[in-house]
Amino acid sequence: MTNTATGTLRRKPAQRRSAERVGRMLDECARLLDEVGYEGLTTKEVARRAEVPIGTFYQFFPDKQGLVRALAYRNLEAYLARITATLAHTTINDWTEATDLVIDEFVWMKRSTPGFSVFDFGLALAAPGTSRMLDEALEDNLVVADRLRALLIELIGVPAGEVQARAFVVAVEAADAVLKLAFRACPDGDPDLIAECKRLVRRYLSDHLG
């Protein structure tokens, strides 16, 4: 897997001021995705709203797709951080409760995080050449499944192994499809479809996680 932590930016901010500028550009990118969508997003408008020279934008991002690639990575890191924080303060009796929590955190971000409903980890964007936003070598769902599995192995000790790794990929693909349906049916996510998503993932993974 390529190093997505450094690979999303042309260069890593060396000073706090530069890091703040990158953060503002990503924030404005997210807001503009909600307002005008991916097709309407322009690097010039992102730079204007973030109050940075366009030359500064290109110091960190090669183009519009590079910008949304960095946003996808930031979204994934924020998602995993929320899961980690919630698990640290929640009593989990078994892995099924953890899978419900993973879905709940995604739904919360879908409802609350700017730009996430348009462009979560790169998966929601229907644009050519954007199925590998998190890692140039792997499709986005494979990256998400791998990171989720590693996190749950570390935090709650779910079984590790090749069969379980494949099962997580299938579960993420299935959940992605059903949650897309839920948010097409209702802007805040159809609660019945979200419940069906949880039921589907639990039943499928029960054959592999025990």
# chains A, B, ... in the order shown; residues from 1 in each chain; ligands from 1

$ residues_around --residues "stretch 155-168 of chain A" --least-positions-apart "2" --cutoff "10 Å" --atoms "only C-alpha atoms" --output "VMD selection string"
chain A and resid 83 to 84 87 to 88 92 to 95 98 141 to 142 144 to 146 148 to 153 170 to 174 201 204 to 205 207 to 210

$ residues_around --residues "A:Ala195" --least-positions-apart "6" --cutoff "12 Å" --atoms "only C-alpha atoms" --output "PyMOL selection string"
chain A and resi 99-101+103-104+107+175+178-179+182+189+201-202

$ write_last_selection --atoms "all heavy atoms" --output "mmCIF file, in the first residue's frame"
data_model
loop_
_atom_site.group_PDB
_atom_site.id
_atom_site.type_symbol
_atom_site.label_atom_id
_atom_site.label_comp_id
_atom_site.auth_asym_id
_atom_site.auth_seq_id
_atom_site.Cartn_x
_atom_site.Cartn_y
_atom_site.Cartn_z
ATOM 1 N N THR A 99 -19.682 -3.411 15.211
ATOM 2 C CA THR A 99 -20.062 -3.158 13.818
ATOM 3 C C THR A 99 -21.208 -2.153 13.740
ATOM 4 O O THR A 99 -21.233 -1.309 12.838
ATOM 5 C CB THR A 99 -20.456 -4.457 13.091
ATOM 6 O OG1 THR A 99 -21.550 -5.074 13.765
ATOM 7 C CG2 THR A 99 -19.292 -5.423 13.036
ATOM 8 N N ASP A 100 -22.151 -2.222 14.674
ATOM 9 C CA ASP A 100 -23.218 -1.229 14.721
ATOM 10 C C ASP A 100 -22.629 0.168 14.938
ATOM 11 O O ASP A 100 -23.048 1.146 14.311
ATOM 12 C CB ASP A 100 -24.211 -1.545 15.835
ATOM 13 C CG ASP A 100 -25.150 -2.682 15.491
ATOM 14 O OD1 ASP A 100 -25.061 -3.227 14.372
ATOM 15 O OD2 ASP A 100 -25.978 -3.042 16.350
ATOM 16 N N LEU A 101 -21.664 0.253 15.840
ATOM 17 C CA LEU A 101 -21.031 1.533 16.151
ATOM 18 C C LEU A 101 -20.305 2.086 14.923
ATOM 19 O O LEU A 101 -20.373 3.287 14.641
ATOM 20 C CB LEU A 101 -20.053 1.340 17.314
ATOM 21 C CG LEU A 101 -19.306 2.552 17.853
ATOM 22 C CD1 LEU A 101 -19.017 2.344 19.346
ATOM 23 C CD2 LEU A 101 -17.995 2.799 17.117
ATOM 24 N N ILE A 103 -21.046 1.638 11.817
ATOM 25 C CA ILE A 103 -22.066 2.167 10.902
ATOM 26 C C ILE A 103 -22.647 3.470 11.446
ATOM 27 O O ILE A 103 -22.848 4.435 10.695
ATOM 28 C CB ILE A 103 -23.157 1.118 10.654
ATOM 29 C CG1 ILE A 103 -22.568 -0.059 9.865
ATOM 30 C CG2 ILE A 103 -24.351 1.726 9.905
ATOM 31 C CD1 ILE A 103 -23.473 -1.269 9.765
ATOM 32 N N ASP A 104 -22.914 3.516 12.749
ATOM 33 C CA ASP A 104 -23.464 4.732 13.351
ATOM 34 C C ASP A 104 -22.529 5.929 13.167
ATOM 35 O O ASP A 104 -22.989 7.052 12.902
ATOM 36 C CB ASP A 104 -23.723 4.519 14.843
ATOM 37 C CG ASP A 104 -24.946 3.660 15.118
ATOM 38 O OD1 ASP A 104 -25.828 3.575 14.241
ATOM 39 O OD2 ASP A 104 -25.019 3.068 16.213
ATOM 40 N N VAL A 107 -22.778 7.152 9.603
ATOM 41 C CA VAL A 107 -24.038 7.875 9.400
ATOM 42 C C VAL A 107 -23.954 9.261 10.027
ATOM 43 O O VAL A 107 -24.405 10.257 9.435
ATOM 44 C CB VAL A 107 -25.218 7.071 9.983
ATOM 45 C CG1 VAL A 107 -26.488 7.919 10.035
ATOM 46 C CG2 VAL A 107 -25.460 5.811 9.154
ATOM 47 N N ALA A 175 -22.163 -2.775 2.873
ATOM 48 C CA ALA A 175 -22.626 -1.642 3.675
ATOM 49 C C ALA A 175 -22.618 -0.361 2.857
ATOM 50 O O ALA A 175 -23.565 0.445 2.939
ATOM 51 C CB ALA A 175 -21.743 -1.482 4.910
ATOM 52 N N VAL A 178 -25.748 -0.349 0.581
ATOM 53 C CA VAL A 178 -27.015 -0.139 1.291
ATOM 54 C C VAL A 178 -27.102 1.275 1.863
ATOM 55 O O VAL A 178 -28.164 1.917 1.817
ATOM 56 C CB VAL A 178 -27.197 -1.191 2.409
ATOM 57 C CG1 VAL A 178 -28.487 -0.930 3.181
ATOM 58 C CG2 VAL A 178 -27.222 -2.598 1.822
ATOM 59 N N LEU A 179 -25.992 1.796 2.369
ATOM 60 C CA LEU A 179 -26.015 3.152 2.920
ATOM 61 C C LEU A 179 -26.185 4.190 1.821
ATOM 62 O O LEU A 179 -26.846 5.212 2.027
ATOM 63 C CB LEU A 179 -24.749 3.414 3.732
ATOM 64 C CG LEU A 179 -24.668 2.638 5.052
ATOM 65 C CD1 LEU A 179 -23.312 2.826 5.716
ATOM 66 C CD2 LEU A 179 -25.792 3.053 6.003
ATOM 67 N N ALA A 182 -29.777 4.227 1.337
ATOM 68 C CA ALA A 182 -30.455 4.902 2.455
ATOM 69 C C ALA A 182 -30.409 6.416 2.294
ATOM 70 O O ALA A 182 -31.406 7.107 2.564
ATOM 71 C CB ALA A 182 -29.807 4.492 3.776
ATOM 72 N N GLY A 189 -30.706 9.926 5.626
ATOM 73 C CA GLY A 189 -30.539 8.478 5.697
ATOM 74 C C GLY A 189 -31.801 7.804 6.201
ATOM 75 O O GLY A 189 -32.235 8.059 7.326
ATOM 76 N N VAL A 201 -24.825 -6.721 7.768
ATOM 77 C CA VAL A 201 -23.402 -6.839 8.117
ATOM 78 C C VAL A 201 -23.201 -7.806 9.275
ATOM 79 O O VAL A 201 -22.300 -8.655 9.242
ATOM 80 C CB VAL A 201 -22.807 -5.451 8.439
ATOM 81 C CG1 VAL A 201 -21.404 -5.577 9.022
ATOM 82 C CG2 VAL A 201 -22.771 -4.580 7.186
ATOM 83 N N ARG A 202 -24.053 -7.702 10.298
ATOM 84 C CA ARG A 202 -23.928 -8.616 11.445
ATOM 85 C C ARG A 202 -24.100 -10.056 11.015
ATOM 86 O O ARG A 202 -23.336 -10.942 11.415
ATOM 87 C CB ARG A 202 -24.951 -8.255 12.529
ATOM 88 C CG ARG A 202 -24.638 -7.002 13.319
ATOM 89 C CD ARG A 202 -25.456 -6.946 14.594
ATOM 90 N NE ARG A 202 -26.876 -7.073 14.360
ATOM 91 C CZ ARG A 202 -27.724 -6.054 14.235
ATOM 92 N NH1 ARG A 202 -27.270 -4.822 14.330
ATOM 93 N NH2 ARG A 202 -29.012 -6.254 14.027
#

$ select_by_dssp --residues "stretch 54-207 of chain A" --states "helix (DSSP H, G or I)" --output "NGL selection string"
:A and (54-60 or 64-88 or 95-112 or 140-156 or 162-185 or 191-207)

$ write_last_selection --atoms "C-alpha atoms" --output "tab-separated table (two decimals), in the first residue's frame"
chain	number	residue	atom	x	y	z
A	54	ILE	CA	-3.43	30.50	-5.91
A	55	GLY	CA	0.31	29.88	-6.02
A	56	THR	CA	0.14	28.65	-2.42
A	57	PHE	CA	-2.61	26.24	-3.40
A	58	TYR	CA	-0.39	24.66	-6.04
A	59	GLN	CA	2.48	24.33	-3.59
A	60	PHE	CA	0.42	21.71	-1.75
A	64	LYS	CA	-8.61	19.67	-8.03
A	65	GLN	CA	-8.40	15.89	-7.82
A	66	GLY	CA	-5.33	16.14	-5.60
A	67	LEU	CA	-7.32	18.42	-3.30
A	68	VAL	CA	-10.24	16.02	-2.96
A	69	ARG	CA	-7.81	13.12	-2.53
A	70	ALA	CA	-6.41	14.90	0.52
A	71	LEU	CA	-9.96	15.55	1.76
A	72	ALA	CA	-10.82	11.86	1.37
A	73	TYR	CA	-7.80	10.90	3.45
A	74	ARG	CA	-8.67	13.48	6.12
A	75	ASN	CA	-12.22	12.14	6.22
A	76	LEU	CA	-10.99	8.58	6.73
A	77	GLU	CA	-8.62	9.61	9.53
A	78	ALA	CA	-11.43	11.56	11.24
A	79	TYR	CA	-13.77	8.57	10.91
A	80	LEU	CA	-11.27	6.17	12.45
A	81	ALA	CA	-10.50	8.65	15.23
A	82	ARG	CA	-14.21	8.91	16.08
A	83	ILE	CA	-14.52	5.13	16.24
A	84	THR	CA	-11.45	4.90	18.48
A	85	ALA	CA	-12.73	7.62	20.82
A	86	THR	CA	-16.21	6.12	21.04
A	87	LEU	CA	-14.91	2.60	21.73
A	88	ALA	CA	-12.67	4.01	24.47
A	95	TRP	CA	-18.05	-7.60	17.90
A	96	THR	CA	-21.66	-7.15	16.73
A	97	GLU	CA	-22.00	-4.03	18.86
A	98	ALA	CA	-18.77	-2.73	17.38
A	99	THR	CA	-20.06	-3.16	13.82
A	100	ASP	CA	-23.22	-1.23	14.72
A	101	LEU	CA	-21.03	1.53	16.15
A	102	VAL	CA	-18.92	1.64	12.97
A	103	ILE	CA	-22.07	2.17	10.90
A	104	ASP	CA	-23.46	4.73	13.35
A	105	GLU	CA	-20.28	6.81	13.16
A	106	PHE	CA	-20.40	6.78	9.36
A	107	VAL	CA	-24.04	7.88	9.40
A	108	TRP	CA	-23.22	10.66	11.88
A	109	MET	CA	-20.46	11.98	9.62
A	110	LYS	CA	-22.73	11.69	6.58
A	111	ARG	CA	-25.27	13.91	8.35
A	112	SER	CA	-22.90	16.34	10.06
A	140	ASP	CA	-11.09	2.93	-1.88
A	141	ASN	CA	-13.28	0.26	-0.30
A	142	LEU	CA	-10.27	-2.04	0.03
A	143	VAL	CA	-8.38	0.67	1.91
A	144	VAL	CA	-11.35	1.38	4.19
A	145	ALA	CA	-11.88	-2.33	4.92
A	146	ASP	CA	-8.17	-2.83	5.69
A	147	ARG	CA	-8.00	0.16	8.04
A	148	LEU	CA	-11.23	-0.78	9.82
A	149	ARG	CA	-10.14	-4.38	10.28
A	150	ALA	CA	-6.75	-3.34	11.67
A	151	LEU	CA	-8.43	-0.94	14.08
A	152	LEU	CA	-10.93	-3.52	15.35
A	153	ILE	CA	-8.22	-6.17	15.73
A	154	GLU	CA	-6.29	-3.72	17.90
A	155	LEU	CA	-9.19	-2.34	19.92
A	156	ILE	CA	-11.50	-5.31	20.48
A	162	GLU	CA	-6.95	-14.00	5.24
A	163	VAL	CA	-10.54	-15.26	5.36
A	164	GLN	CA	-11.53	-12.52	7.81
A	165	ALA	CA	-9.76	-9.89	5.69
A	166	ARG	CA	-11.81	-10.92	2.65
A	167	ALA	CA	-14.98	-10.92	4.76
A	168	PHE	CA	-14.33	-7.33	5.84
A	169	VAL	CA	-13.97	-6.26	2.21
A	170	VAL	CA	-17.31	-7.87	1.33
A	171	ALA	CA	-18.96	-6.32	4.40
A	172	VAL	CA	-17.68	-2.85	3.53
A	173	GLU	CA	-18.82	-3.19	-0.08
A	174	ALA	CA	-22.28	-4.35	1.03
A	175	ALA	CA	-22.63	-1.64	3.68
A	176	ASP	CA	-21.51	1.01	1.19
A	177	ALA	CA	-24.20	-0.04	-1.28
A	178	VAL	CA	-27.02	-0.14	1.29
A	179	LEU	CA	-26.02	3.15	2.92
A	180	LYS	CA	-25.89	4.84	-0.49
A	181	LEU	CA	-29.45	3.60	-0.99
A	182	ALA	CA	-30.45	4.90	2.45
A	183	PHE	CA	-29.16	8.40	1.69
A	184	ARG	CA	-30.71	8.45	-1.76
A	185	ALA	CA	-34.05	7.60	-0.18
A	191	PRO	CA	-33.61	4.76	9.31
A	192	ASP	CA	-35.16	1.47	8.19
A	193	LEU	CA	-32.49	0.98	5.52
A	194	ILE	CA	-29.76	1.87	8.00
A	195	ALA	CA	-31.17	-0.78	10.35
A	196	GLU	CA	-31.20	-3.28	7.47
A	197	CYS	CA	-27.57	-2.41	6.75
A	198	LYS	CA	-26.60	-3.26	10.33
A	199	ARG	CA	-28.56	-6.51	10.21
A	200	LEU	CA	-26.96	-7.51	6.90
A	201	VAL	CA	-23.40	-6.84	8.12
A	202	ARG	CA	-23.93	-8.62	11.45
A	203	ARG	CA	-25.41	-11.72	9.84
A	204	TYR	CA	-22.76	-11.91	7.16
A	205	LEU	CA	-19.80	-11.41	9.52
A	206	SER	CA	-21.20	-13.89	12.06
A	207	ASP	CA	-20.07	-16.70	9.76

$ atom_distance --atom1 "atom CA of A:Glu139" --atom2 "atom CA of A:Asp27"
24.4 Å

$ atom_distance --atom1 "atom CA of A:Val22" --atom2 "atom CA of A:Phe121"
18.1 Å

$ closest_residue --among "A:Arg48, A:Arg21, A:Arg31, A:Lys12" --to "A:Val118" --atoms "only C-alpha atoms"
A:Arg31

$ residues_around --residues "A:Gly115" --least-positions-apart "5" --cutoff "9 Å" --atoms "only C-alpha atoms" --output "ChimeraX atom specification"
/A:27,29-35,37,110,120

$ decode --residues "stretch 69-83 of chain A" --atoms "N, CA, C and O atoms" --output "JSON list (two decimals), in the first residue's frame"
[["chain", "number", "residue", "atom", "x", "y", "z"],
["A", 69, "ARG", "N", -8.52, 14.30, -3.05],
["A", 69, "ARG", "CA", -7.81, 13.12, -2.53],
["A", 69, "ARG", "C", -7.37, 13.36, -1.09],
["A", 69, "ARG", "O", -7.52, 12.51, -0.22],
["A", 70, "ALA", "N", -6.83, 14.56, -0.84],
["A", 70, "ALA", "CA", -6.41, 14.90, 0.52],
["A", 70, "ALA", "C", -7.61, 14.98, 1.45],
["A", 70, "ALA", "O", -7.54, 14.58, 2.62],
["A", 71, "LEU", "N", -8.74, 15.49, 0.95],
["A", 71, "LEU", "CA", -9.96, 15.55, 1.76],
["A", 71, "LEU", "C", -10.45, 14.15, 2.09],
["A", 71, "LEU", "O", -10.87, 13.88, 3.22],
["A", 72, "ALA", "N", -10.40, 13.24, 1.12],
["A", 72, "ALA", "CA", -10.82, 11.86, 1.37],
["A", 72, "ALA", "C", -9.98, 11.23, 2.47],
["A", 72, "ALA", "O", -10.50, 10.56, 3.37],
["A", 73, "TYR", "N", -8.68, 11.45, 2.43],
["A", 73, "TYR", "CA", -7.80, 10.90, 3.45],
["A", 73, "TYR", "C", -8.12, 11.52, 4.81],
["A", 73, "TYR", "O", -8.16, 10.82, 5.83],
["A", 74, "ARG", "N", -8.33, 12.83, 4.84],
["A", 74, "ARG", "CA", -8.67, 13.48, 6.12],
["A", 74, "ARG", "C", -9.98, 12.93, 6.67],
["A", 74, "ARG", "O", -10.12, 12.71, 7.88],
["A", 75, "ASN", "N", -10.95, 12.71, 5.78],
["A", 75, "ASN", "CA", -12.22, 12.14, 6.22],
["A", 75, "ASN", "C", -12.03, 10.76, 6.84],
["A", 75, "ASN", "O", -12.63, 10.44, 7.87],
["A", 76, "LEU", "N", -11.21, 9.93, 6.21],
["A", 76, "LEU", "CA", -10.99, 8.58, 6.73],
["A", 76, "LEU", "C", -10.30, 8.63, 8.09],
["A", 76, "LEU", "O", -10.69, 7.91, 9.01],
["A", 77, "GLU", "N", -9.31, 9.50, 8.24],
["A", 77, "GLU", "CA", -8.62, 9.61, 9.53],
["A", 77, "GLU", "C", -9.58, 10.11, 10.61],
["A", 77, "GLU", "O", -9.54, 9.64, 11.75],
["A", 78, "ALA", "N", -10.45, 11.06, 10.27],
["A", 78, "ALA", "CA", -11.43, 11.56, 11.24],
["A", 78, "ALA", "C", -12.42, 10.47, 11.62],
["A", 78, "ALA", "O", -12.80, 10.34, 12.80],
["A", 79, "TYR", "N", -12.84, 9.68, 10.66],
["A", 79, "TYR", "CA", -13.77, 8.57, 10.91],
["A", 79, "TYR", "C", -13.15, 7.55, 11.86],
["A", 79, "TYR", "O", -13.77, 7.15, 12.85],
["A", 80, "LEU", "N", -11.93, 7.15, 11.59],
["A", 80, "LEU", "CA", -11.27, 6.17, 12.45],
["A", 80, "LEU", "C", -11.02, 6.73, 13.84],
["A", 80, "LEU", "O", -11.12, 6.00, 14.85],
["A", 81, "ALA", "N", -10.71, 8.02, 13.92],
["A", 81, "ALA", "CA", -10.50, 8.65, 15.23],
["A", 81, "ALA", "C", -11.79, 8.68, 16.04],
["A", 81, "ALA", "O", -11.78, 8.46, 17.26],
["A", 82, "ARG", "N", -12.92, 8.92, 15.37],
["A", 82, "ARG", "CA", -14.21, 8.91, 16.08],
["A", 82, "ARG", "C", -14.52, 7.51, 16.60],
["A", 82, "ARG", "O", -15.00, 7.36, 17.73],
["A", 83, "ILE", "N", -14.27, 6.50, 15.79],
["A", 83, "ILE", "CA", -14.52, 5.13, 16.24],
["A", 83, "ILE", "C", -13.65, 4.80, 17.44],
["A", 83, "ILE", "O", -14.12, 4.24, 18.45]]
